[in-house]
file run01.cif (mmCIF, C-alpha atoms and all ligand atoms)
data_final
#
loop_
_atom_site.label_atom_id
_atom_site.label_comp_id
_atom_site.auth_asym_id
_atom_site.auth_seq_id
_atom_site.Cartn_x
_atom_site.Cartn_y
_atom_site.Cartn_z
CA MET A 250 69.95 15.35 261.74
CA SER A 251 69.51 12.38 264.01
CA ARG A 252 71.37 9.16 263.46
CA GLN A 253 68.88 6.55 262.37
CA ALA A 254 69.08 2.93 263.46
CA SER A 255 66.94 1.52 260.68
CA THR A 256 64.30 2.69 258.27
CA ASP A 257 61.06 1.54 256.69
CA THR A 258 62.18 -0.65 253.84
CA THR A 259 59.14 -0.04 251.66
CA PRO A 260 60.21 1.63 248.43
CA TRP A 261 58.86 5.11 247.99
CA VAL A 262 58.84 4.69 244.25
CA THR A 263 58.09 1.81 241.97
CA ALA A 264 60.79 0.50 239.73
CA GLY A 265 60.09 3.04 236.99
CA ARG A 266 63.04 3.87 234.76
CA ARG A 267 64.11 7.31 233.70
CA ARG A 268 62.64 8.67 230.50
CA LYS A 269 59.79 6.17 230.49
CA ALA A 270 56.32 7.13 231.57
CA PRO A 271 56.94 9.12 234.77
CA ALA A 272 58.05 6.79 237.52
CA MET A 273 55.40 6.56 240.19
CA PHE A 274 55.76 7.34 243.84
CA THR A 275 53.76 4.93 245.86
CA PRO A 276 52.60 5.21 249.43
CA SER A 277 54.44 2.73 251.60
CA ALA A 278 52.44 -0.46 251.33
CA GLY A 279 53.49 -1.75 254.72
CA SER A 280 52.73 1.50 256.50
CA PRO A 281 49.35 2.96 255.58
CA LEU A 282 49.19 6.71 255.39
CA ASN A 283 47.38 7.07 258.63
CA GLY A 284 47.69 9.43 261.47
CA GLY A 285 47.94 12.80 259.75
CA VAL A 286 48.71 15.80 261.92
CA HIS A 287 46.77 16.73 265.05
CA VAL A 288 47.56 19.89 266.92
CA GLN A 289 45.43 20.47 269.99
CA CYS A 290 45.31 23.63 272.08
CA VAL A 291 49.01 24.27 271.55
CA THR A 292 50.71 27.25 273.11
CA LYS A 293 54.38 28.05 272.61
CA THR A 294 55.93 30.77 274.68
CA PHE A 295 59.45 32.12 274.24
CA THR A 296 61.47 34.31 276.54
CA GLN A 297 63.51 36.95 274.78
CA TRP A 298 66.18 38.72 276.80
CA GLN A 299 66.32 42.40 275.97
CA ARG A 300 69.85 43.78 275.71
CA GLU A 301 71.31 47.18 275.21
CA ASN A 302 74.66 47.73 273.60
CA ALA A 303 75.75 51.12 274.82
CA GLY A 304 76.43 53.24 277.91
CA LYS A 305 74.52 52.44 281.06
CA GLY A 306 72.55 49.86 279.13
CA ILE A 307 75.48 47.45 279.31
CA LEU A 308 75.51 47.73 283.10
CA ARG A 309 71.74 47.33 283.20
CA ASN A 310 72.08 44.10 281.16
CA LEU A 311 74.10 42.68 284.03
CA LEU A 312 72.30 44.16 287.05
CA LYS A 313 68.70 44.19 285.96
CA PRO A 314 68.24 42.16 282.80
CA GLN A 315 64.94 42.75 281.07
CA LYS A 316 62.99 39.96 279.48
CA LYS A 317 60.10 39.86 277.07
CA THR A 318 57.65 37.00 276.80
CA VAL A 319 56.49 36.16 273.30
CA HIS A 320 53.44 33.98 272.72
CA ALA A 321 54.49 32.54 269.37
CA LEU A 322 51.50 30.18 269.37
CA ASP A 323 48.40 30.87 271.39
CA ASP A 324 45.91 28.00 271.80
CA VAL A 325 46.34 26.69 268.26
CA SER A 326 44.34 23.66 267.09
CA PHE A 327 44.08 22.07 263.66
CA THR A 328 44.05 18.70 261.95
CA ILE A 329 45.65 17.75 258.65
CA ASN A 330 44.42 14.55 257.06
CA PRO A 331 46.68 12.08 255.26
CA GLY A 332 47.17 13.01 251.61
CA GLU A 333 46.28 16.69 252.05
CA PHE A 334 48.39 19.51 250.63
CA VAL A 335 48.01 22.38 253.07
CA ALA A 336 49.32 25.92 252.76
CA TYR A 337 50.32 27.57 256.02
CA ALA A 338 50.49 31.33 255.66
CA GLY A 339 50.65 34.47 257.71
CA PRO A 340 52.69 37.61 258.23
CA ASN A 341 56.25 37.76 259.60
CA GLY A 342 56.45 36.55 263.17
CA ALA A 343 52.99 34.95 263.01
CA GLY A 344 54.22 31.56 264.24
CA LYS A 345 54.61 29.51 261.04
CA SER A 346 58.19 28.31 261.55
CA THR A 347 57.47 27.68 265.22
CA THR A 348 54.60 25.39 264.21
CA MET A 349 56.81 23.55 261.71
CA LYS A 350 59.49 23.06 264.36
CA LEU A 351 56.92 21.69 266.79
CA LEU A 352 55.66 19.22 264.17
CA ALA A 353 59.22 18.11 263.45
CA GLY A 354 60.06 17.66 267.13
CA MET A 355 62.65 20.46 267.11
CA LEU A 356 60.69 22.36 269.76
CA GLN A 357 58.32 21.27 272.48
CA PRO A 358 54.99 22.94 273.11
CA THR A 359 54.61 24.96 276.30
CA GLN A 360 51.08 23.59 276.53
CA GLY A 361 48.86 21.32 274.45
CA THR A 362 49.49 18.20 272.42
CA VAL A 363 50.96 17.50 269.02
CA SER A 364 50.56 14.22 267.18
CA VAL A 365 52.21 13.57 263.83
CA LEU A 366 51.57 10.33 261.93
CA GLY A 367 50.25 8.89 265.16
CA MET A 368 53.44 9.75 267.07
CA SER A 369 54.58 12.38 269.50
CA PRO A 370 57.29 14.45 267.73
CA ASP A 371 58.88 15.05 271.10
CA LYS A 372 58.95 11.49 272.43
CA ASP A 373 59.16 9.50 269.17
CA ARG A 374 61.45 11.81 267.26
CA ILE A 375 63.77 9.19 265.77
CA ARG A 376 60.90 6.90 264.74
CA LEU A 377 59.03 9.87 263.29
CA MET A 378 62.01 11.15 261.30
CA LYS A 379 61.97 7.93 259.30
CA LYS A 380 58.61 8.97 257.89
CA LEU A 381 59.04 12.70 257.88
CA GLY A 382 60.80 15.03 255.44
CA VAL A 383 61.65 18.52 256.67
CA LEU A 384 63.03 21.39 254.62
CA PHE A 385 63.71 24.90 255.87
CA GLY A 386 64.39 27.20 252.94
CA ASN A 387 66.92 29.23 254.90
CA ARG A 388 69.15 26.36 255.91
CA THR A 389 70.73 23.33 254.33
CA GLU A 390 71.37 19.74 255.33
CA LEU A 391 74.00 19.35 252.61
CA TRP A 392 77.65 19.02 253.54
CA TRP A 393 79.06 22.37 252.57
CA ASP A 394 82.55 21.28 251.51
CA HIS A 395 81.59 18.07 249.77
CA PRO A 396 79.98 17.15 246.48
CA ILE A 397 76.19 16.72 246.61
CA SER A 398 76.54 13.00 245.92
CA GLN A 399 78.57 12.69 249.13
CA SER A 400 75.71 14.16 251.18
CA PHE A 401 73.27 11.77 249.54
CA GLU A 402 75.55 8.85 250.26
CA TRP A 403 75.92 10.02 253.84
CA LYS A 404 72.15 10.02 254.22
CA ARG A 405 71.92 6.51 252.75
CA VAL A 406 74.39 5.15 255.28
CA VAL A 407 73.23 7.05 258.37
CA TRP A 408 69.54 6.44 257.71
CA ASP A 409 70.24 2.86 256.69
CA ILE A 410 68.19 3.21 253.51
CA PRO A 411 68.07 -0.12 251.66
CA ASP A 412 70.03 -0.06 248.39
CA ASP A 413 67.04 -0.68 246.10
CA VAL A 414 64.95 2.05 247.77
CA TYR A 415 67.86 4.49 247.63
CA LYS A 416 68.61 3.75 244.00
CA ARG A 417 65.02 4.17 242.87
CA ASN A 418 64.43 7.34 244.86
CA LEU A 419 67.73 8.82 243.68
CA GLU A 420 66.84 8.10 240.07
CA MET A 421 63.46 9.70 240.54
CA VAL A 422 64.62 12.91 242.20
CA THR A 423 67.59 13.26 239.86
CA ASP A 424 65.25 13.09 236.91
CA LEU A 425 62.37 15.21 238.18
CA LEU A 426 64.45 17.85 239.93
CA ASP A 427 67.07 17.92 237.19
CA ILE A 428 70.05 17.65 239.51
CA GLY A 429 72.13 15.16 237.51
CA GLU A 430 74.64 17.86 236.55
CA LEU A 431 75.02 19.06 240.12
CA GLN A 432 75.98 15.89 241.90
CA LYS A 433 79.74 16.28 241.64
CA THR A 434 79.65 19.93 242.68
CA PHE A 435 80.39 21.15 246.21
CA ALA A 436 77.28 22.42 248.00
CA ARG A 437 78.96 25.76 248.67
CA GLU A 438 79.45 26.28 244.95
CA LEU A 439 75.77 25.93 244.08
CA SER A 440 73.39 28.79 243.41
CA LEU A 441 70.47 29.19 245.81
CA GLY A 442 67.99 27.51 243.45
CA GLN A 443 70.35 24.63 242.75
CA ARG A 444 71.01 24.18 246.44
CA MET A 445 67.29 24.14 247.24
CA ARG A 446 66.64 21.47 244.61
CA ALA A 447 69.51 19.38 245.96
CA ASP A 448 68.20 19.79 249.51
CA LEU A 449 64.70 18.79 248.44
CA ALA A 450 66.12 15.75 246.66
CA MET A 451 68.09 14.66 249.72
CA MET A 452 65.07 15.16 251.94
CA LEU A 453 63.09 12.70 249.81
CA LEU A 454 65.60 9.85 249.65
CA HIS A 455 64.07 7.91 252.54
CA SER A 456 60.48 7.95 251.17
CA PRO A 457 58.80 10.27 253.69
CA THR A 458 55.02 10.09 253.94
CA LEU A 459 54.72 13.61 255.37
CA ILE A 460 56.73 16.58 254.14
CA LEU A 461 57.08 19.88 256.00
CA LEU A 462 58.42 22.74 253.89
CA ASP A 463 59.17 26.12 255.42
CA GLU A 464 59.52 28.66 252.61
CA PRO A 465 60.93 26.23 250.04
CA THR A 466 60.51 28.72 247.18
CA LEU A 467 62.44 31.48 248.97
CA GLY A 468 64.63 33.29 246.45
CA LEU A 469 64.01 30.87 243.60
CA ASP A 470 63.84 32.15 240.04
CA VAL A 471 60.73 31.49 237.94
CA VAL A 472 62.11 28.31 236.39
CA ALA A 473 63.37 26.78 239.62
CA LYS A 474 60.12 27.68 241.38
CA ARG A 475 58.06 26.12 238.60
CA GLN A 476 60.14 22.94 238.83
CA MET A 477 59.71 22.71 242.57
CA ILE A 478 55.96 23.40 242.52
CA ASP A 479 55.33 20.83 239.77
CA PHE A 480 57.39 18.28 241.62
CA LEU A 481 55.56 18.78 244.91
CA LYS A 482 52.16 18.63 243.23
CA LYS A 483 53.14 15.40 241.55
CA VAL A 484 54.37 13.82 244.75
CA ASN A 485 51.18 14.81 246.54
CA ARG A 486 48.58 14.04 243.89
CA GLU A 487 50.03 10.90 242.38
CA ASN A 488 51.51 9.38 245.47
CA GLY A 489 49.45 10.57 248.37
CA VAL A 490 52.32 12.18 250.28
CA THR A 491 50.96 14.69 252.81
CA ILE A 492 52.53 18.14 252.45
CA VAL A 493 52.45 21.24 254.62
CA VAL A 494 54.12 24.28 253.08
CA THR A 495 54.68 27.86 254.21
CA SER A 496 55.32 30.77 251.87
CA HIS A 497 54.61 34.46 251.57
CA ASP A 498 53.67 34.02 247.94
CA MET A 499 49.92 33.42 247.89
CA ASP A 500 49.93 32.59 244.17
CA ASP A 501 52.41 29.79 244.75
CA LEU A 502 50.41 28.50 247.68
CA GLU A 503 47.11 28.55 245.80
CA GLU A 504 48.66 26.70 242.91
CA MET A 505 49.92 23.94 245.14
CA ALA A 506 47.37 23.52 247.90
CA GLU A 507 43.62 23.15 248.16
CA ARG A 508 43.40 24.27 251.75
CA ILE A 509 44.94 27.23 253.48
CA LEU A 510 45.54 27.69 257.17
CA MET A 511 46.29 31.29 258.08
CA ILE A 512 47.91 32.31 261.30
CA SER A 513 48.28 35.77 262.80
CA ASN A 514 49.81 36.69 266.13
CA GLY A 515 49.99 33.04 267.07
CA LYS A 516 46.29 32.32 266.47
CA ILE A 517 44.62 30.51 263.62
CA ALA A 518 42.76 33.20 261.71
CA TYR A 519 41.41 31.19 258.79
CA ASP A 520 41.15 27.55 257.83
CA GLY A 521 39.48 26.69 254.55
CA SER A 522 39.63 27.08 250.79
CA PHE A 523 41.32 29.85 248.83
CA ASP A 524 37.95 30.80 247.36
CA GLY A 525 36.55 31.14 250.87
CA LEU A 526 39.44 33.41 251.81
CA ARG A 527 38.85 35.50 248.71
CA ALA A 528 35.16 35.80 249.59
CA LEU A 529 36.04 36.79 253.13
CA SER A 530 38.38 39.46 251.88
CA GLU A 531 35.68 40.80 249.55
CA ALA A 532 33.06 40.69 252.26
CA TYR A 533 35.19 42.98 254.38
CA GLY A 534 35.50 45.31 251.40
CA ILE A 535 39.17 45.97 252.00
CA GLU A 536 40.42 48.38 249.38
CA THR A 537 44.05 48.77 250.29
CA GLN A 538 46.71 46.70 251.92
CA THR A 539 46.94 49.26 254.67
CA VAL A 540 44.75 48.12 257.51
CA VAL A 541 44.70 49.34 261.08
CA ILE A 542 45.93 46.12 262.54
CA LYS A 543 45.05 46.76 266.16
CA LYS A 544 41.45 47.67 265.40
CA ALA A 545 40.60 45.24 262.65
CA PRO A 546 39.26 41.75 263.26
CA ILE A 547 41.94 39.18 262.73
CA GLU A 548 40.35 37.82 259.55
CA GLN A 549 40.27 41.32 258.14
CA VAL A 550 43.92 41.81 258.93
CA ILE A 551 44.86 38.59 257.20
CA ALA A 552 42.71 39.26 254.17
CA GLY A 553 44.05 42.81 253.96
CA LEU A 554 47.65 41.72 254.17
CA TYR A 555 47.15 39.35 251.32
CA LYS A 556 44.93 41.61 249.25
CA ALA A 557 47.50 41.84 246.47
CA TRP A 558 47.00 38.15 245.82
CA LYS A 559 43.37 38.72 244.73
N1 LIG A 601 64.01 30.55 269.42
C1 LIG A 601 63.28 31.62 269.68
N2 LIG A 601 63.49 32.35 270.80
C2 LIG A 601 62.73 33.42 271.09
N3 LIG A 601 61.72 33.85 270.32
C3 LIG A 601 61.44 33.17 269.19
C4 LIG A 601 62.21 32.02 268.82
N4 LIG A 601 61.70 31.55 267.65
C5 LIG A 601 60.69 32.35 267.32
N5 LIG A 601 60.53 33.32 268.24
C6 LIG A 601 59.49 34.37 268.21
O1 LIG A 601 58.25 33.72 267.97
C7 LIG A 601 57.45 34.49 267.08
C8 LIG A 601 57.06 33.63 265.89
O2 LIG A 601 58.22 33.37 265.13
P1 LIG A 601 58.20 32.43 263.84
O3 LIG A 601 59.62 32.23 263.42
O4 LIG A 601 57.40 31.22 264.11
O5 LIG A 601 57.42 33.36 262.78
P2 LIG A 601 57.10 33.09 261.25
O6 LIG A 601 55.63 33.09 261.09
O7 LIG A 601 57.84 31.89 260.78
O8 LIG A 601 57.68 34.41 260.57
P3 LIG A 601 58.42 34.63 259.18
O9 LIG A 601 57.37 34.80 258.13
O10 LIG A 601 59.16 35.91 259.41
O11 LIG A 601 59.33 33.47 258.92
C9 LIG A 601 58.28 35.72 266.72
O12 LIG A 601 57.84 36.80 267.52
C10 LIG A 601 59.69 35.34 267.08
O13 LIG A 601 60.42 36.47 267.50
MG MG A 602 59.38 31.58 259.42
#
call {"tool": "encode", "arguments": {"input": "run01.cif", "output": "structure tokens", "more": "lines below"}}
Ligand SMILES: Nc1ncnc2c1ncn2[C@@H]1O[C@H](COP(=O)(O)OP(=O)(O)OP(=O)(O)O)[C@@H](O)[C@H]1O
Ligand SMILES: [Mg+2]
result
Amino acid sequence: MSRQASTDTTPWVTAGRRRKAPAMFTPSAGSPLNGGVHVQCVTKTFTQWQRENAGKGILRNLLKPQKKTVHALDDVSFTINPGEFVAYAGPNGAGKSTTMKLLAGMLQPTQGTVSVLGMSPDKDRIRLMKKLGVLFGNRTELWWDHPISQSFEWKRVVWDIPDDVYKRNLEMVTDLLDIGELQKTFARELSLGQRMRADLAMMLLHSPTLILLDEPTLGLDVVAKRQMIDFLKKVNRENGVTIVVTSHDMDDLEEMAERILMISNGKIAYDGSFDGLRALSEAYGIETQTVVIKKAPIEQVIAGLYKAWK
């Protein structure tokens, strides 16, 4: 995580107290929720070196290394308006995490332009991180060998979060994500669900106006998942925080988001409502999840892959 020089001092939450009527998240008054996300004609190409581990293959690795070019994103364009809750779905390797990394400034596009909250994630990364919350379900920002509270405190200092903002946000996330009992525990001693809730809490301490979540419900039990979904819906609907979330669980996505963007083989295959996707799937009359991927139109592939969700 980047060291932050200063941060927006507008509180993310009002001065609500625990156990009263739910404390309210408020959009930053001094920084209107403008900008959204604009992705225009973005292509991201990776080079993957092919290696063999045995016999002559090892020699070949040295003398004639083979490489494979992967078009993770292929001319992708979409816009996400401020305050939207958008599901980003697609099969393994479709390009979801790559998109999230581009939006967060962790990767640069090979071609095309990306604008997030009116900024270039590549050029304005530090400024953008003050307004952005990013959570990858398969990794943690918590200090492994320290109590959770230490990681939170670290974030307060490094991000220069004003005391009143920090206190209010900490109270809010502690209450709503039920992490009060966990704060003195080492991160490495937490269960997956506990760790995810603690990571989500830490991600929110600086009052982000846009949240990017890559598989946040990965491996969570029913209770932890319920808690996370309710929390995200609340943050979005009551406080206008823009959220983009990826998951392979279509039920979770439909419960959270009103709009779904589907990606397949690096191309946007569907952008619209869940009902529209359902209608599309029915229109193609797909009866099984087994579709001949190479022959089917991309929408049919997507709808077929997610048939079980109907
Ligand atoms: N750093 C990298 N170097 C080389 N290839 C990569 C890299 N990151 C991703 N890829 C490739 O880009 C493609 C898209 O990967 P990505 O991680 O975006 O998929 P995904 O939609 O998130 O899949 P999943 O559902 O499995 O998480 C894949 O073919 C992957 O192998
Ligand atoms: Mg991924």
call {"tool": "residues_near_ligand", "arguments": {"input": "run01.cif", "ligand": "ligand MG 602 (chain A)", "cutoff": "8 Å", "atoms": "all atoms listed in the file", "output": "number ranges by chain"}}
result
A: 341-342, 344-347, 463-464, 495
call {"tool": "residues_near_ligand", "arguments": {"input": "run01.cif", "ligand": "ligand LIG 601 (chain A)", "cutoff": "9 Å", "atoms": "only C-alpha atoms and all ligand atoms", "output": "PyMOL selection string"}}
result
chain A and resi 293-298+318-322+338-350+356+463-464+495-497+512-515
call {"tool": "closest_residue", "arguments": {"input": "run01.cif", "among": "A:Leu381, A:Ala518, A:Leu391, A:Ile492", "to": "Glu438 (chain A)", "atoms": "all atoms listed in the file"}}
result
A:Leu391
call {"tool": "residues_around", "arguments": {"input": "run01.cif", "residues": "Glu504 (chain A)", "least_positions_apart": "3", "cutoff": "10 Å", "atoms": "all atoms listed in the file", "output": "ChimeraX atom specification"}}
result
/A:336,478-479,482,499-501,507,523
call {"tool": "closest_residue", "arguments": {"input": "run01.cif", "among": "A:Trp393, A:Phe334, A:Trp403, A:Phe480", "to": "Leu425 (chain A)", "atoms": "only C-alpha atoms"}}
result
A:Phe480
call {"tool": "atom_distance", "arguments": {"input": "run01.cif", "atom1": "CA of Val325 (chain A)", "atom2": "CA of Thr292 (chain A)"}}
result
6.6 Å
call {"tool": "closest_residue", "arguments": {"input": "run01.cif", "among": "A:Val406, A:Ala506, A:Leu384, A:Val335", "to": "Arg446 (chain A)", "atoms": "all atoms listed in the file"}}
result
A:Leu384
call {"tool": "residues_around", "arguments": {"input": "run01.cif", "residues": "Val383 (chain A)", "least_positions_apart": "5", "cutoff": "8 Å", "atoms": "only C-alpha atoms", "output": "ChimeraX atom specification"}}
result
/A:353,452,460-462
call {"tool": "write_last_selection", "arguments": {"input": "run01.cif", "atoms": "C-alpha atoms", "output": "PDB file, in the frame of the given file"}}
result
ATOM      1  CA  ALA A 353      59.220  18.110 263.450  1.00  0.00           C
ATOM      2  CA  MET A 452      65.070  15.160 251.940  1.00  0.00           C
ATOM      3  CA  ILE A 460      56.730  16.580 254.140  1.00  0.00           C
ATOM      4  CA  LEU A 461      57.080  19.880 256.000  1.00  0.00           C
ATOM      5  CA  LEU A 462      58.420  22.740 253.890  1.00  0.00           C
TER       6      LEU A 462
END
call {"tool": "atom_distance", "arguments": {"input": "run01.cif", "atom1": "CA of Val490 (chain A)", "atom2": "CA of Thr458 (chain A)"}}
result
5.0 Å
call {"tool": "closest_residue", "arguments": {"input": "run01.cif", "among": "A:Ser456, A:Gln360, A:Thr491, A:Ser398", "to": "Glu430 (chain A)", "atoms": "only C-alpha atoms"}}
result
A:Ser398
call {"tool": "atom_distance", "arguments": {"input": "run01.cif", "atom1": "CA of Arg405 (chain A)", "atom2": "CA of Leu419 (chain A)"}}
result
10.3 Å
call {"tool": "closest_residue", "arguments": {"input": "run01.cif", "among": "A:Leu526, A:Ser400, A:Arg444, A:Ala450", "to": "Glu420 (chain A)", "atoms": "all atoms listed in the file"}}
result
A:Ala450
call {"tool": "closest_residue", "arguments": {"input": "run01.cif", "among": "A:Met368, A:Met355, A:Ala436, A:Leu431", "to": "Glu390 (chain A)", "atoms": "only C-alpha atoms"}}
result
A:Ala436
call {"tool": "residues_around", "arguments": {"input": "run01.cif", "residues": "Pro457 (chain A)", "least_positions_apart": "4", "cutoff": "7 Å", "atoms": "only C-alpha atoms", "output": "CSV table (one decimal) with C-alpha atoms, in the frame of the given file"}}
result
chain,number,residue,atom,x,y,z
A,379,LYS,CA,62.0,7.9,259.3
A,380,LYS,CA,58.6,9.0,257.9
A,381,LEU,CA,59.0,12.7,257.9
A,382,GLY,CA,60.8,15.0,255.4
A,453,LEU,CA,63.1,12.7,249.8
call {"tool": "residues_near_point", "arguments": {"input": "run01.cif", "point": "(43.6, 28.8, 251.8)", "cutoff": "6 Å", "atoms": "only C-alpha atoms", "output": "CSV table (one decimal) with C-alpha atoms, in the coordinates of the input"}}
result
chain,number,residue,atom,x,y,z
A,508,ARG,CA,43.4,24.3,251.8
A,509,ILE,CA,44.9,27.2,253.5
A,510,LEU,CA,45.5,27.7,257.2
A,521,GLY,CA,39.5,26.7,254.6
A,522,SER,CA,39.6,27.1,250.8
A,523,PHE,CA,41.3,29.8,248.8
call {"tool": "residues_around", "arguments": {"input": "run01.cif", "residues": "Leu439 (chain A)", "least_positions_apart": "4", "cutoff": "12 Å", "atoms": "all atoms listed in the file", "output": "PDB file with C-alpha atoms, in the frame of the given file"}}
result
ATOM      1  CA  THR A 389      70.730  23.330 254.330  1.00  0.00           C
ATOM      2  CA  LEU A 391      74.000  19.350 252.610  1.00  0.00           C
ATOM      3  CA  TRP A 392      77.650  19.020 253.540  1.00  0.00           C
ATOM      4  CA  TRP A 393      79.060  22.370 252.570  1.00  0.00           C
ATOM      5  CA  ASP A 394      82.550  21.280 251.510  1.00  0.00           C
ATOM      6  CA  HIS A 395      81.590  18.070 249.770  1.00  0.00           C
ATOM      7  CA  PRO A 396      79.980  17.150 246.480  1.00  0.00           C
ATOM      8  CA  ILE A 397      76.190  16.720 246.610  1.00  0.00           C
ATOM      9  CA  ILE A 428      70.050  17.650 239.510  1.00  0.00           C
ATOM     10  CA  GLU A 430      74.640  17.860 236.550  1.00  0.00           C
ATOM     11  CA  LEU A 431      75.020  19.060 240.120  1.00  0.00           C
ATOM     12  CA  GLN A 432      75.980  15.890 241.900  1.00  0.00           C
ATOM     13  CA  LYS A 433      79.740  16.280 241.640  1.00  0.00           C
ATOM     14  CA  THR A 434      79.650  19.930 242.680  1.00  0.00           C
ATOM     15  CA  PHE A 435      80.390  21.150 246.210  1.00  0.00           C
ATOM     16  CA  GLN A 443      70.350  24.630 242.750  1.00  0.00           C
ATOM     17  CA  ARG A 444      71.010  24.180 246.440  1.00  0.00           C
ATOM     18  CA  MET A 445      67.290  24.140 247.240  1.00  0.00           C
ATOM     19  CA  ARG A 446      66.640  21.470 244.610  1.00  0.00           C
ATOM     20  CA  ALA A 447      69.510  19.380 245.960  1.00  0.00           C
ATOM     21  CA  ASP A 448      68.200  19.790 249.510  1.00  0.00           C
TER      22      ASP A 448
END
call {"tool": "residues_around", "arguments": {"input": "run01.cif", "residues": "Gln357 (chain A)", "least_positions_apart": "3", "cutoff": "8 Å", "atoms": "all atoms listed in the file", "output": "MDAnalysis selection string"}}
result
chainID A and resid 293 351 354 371
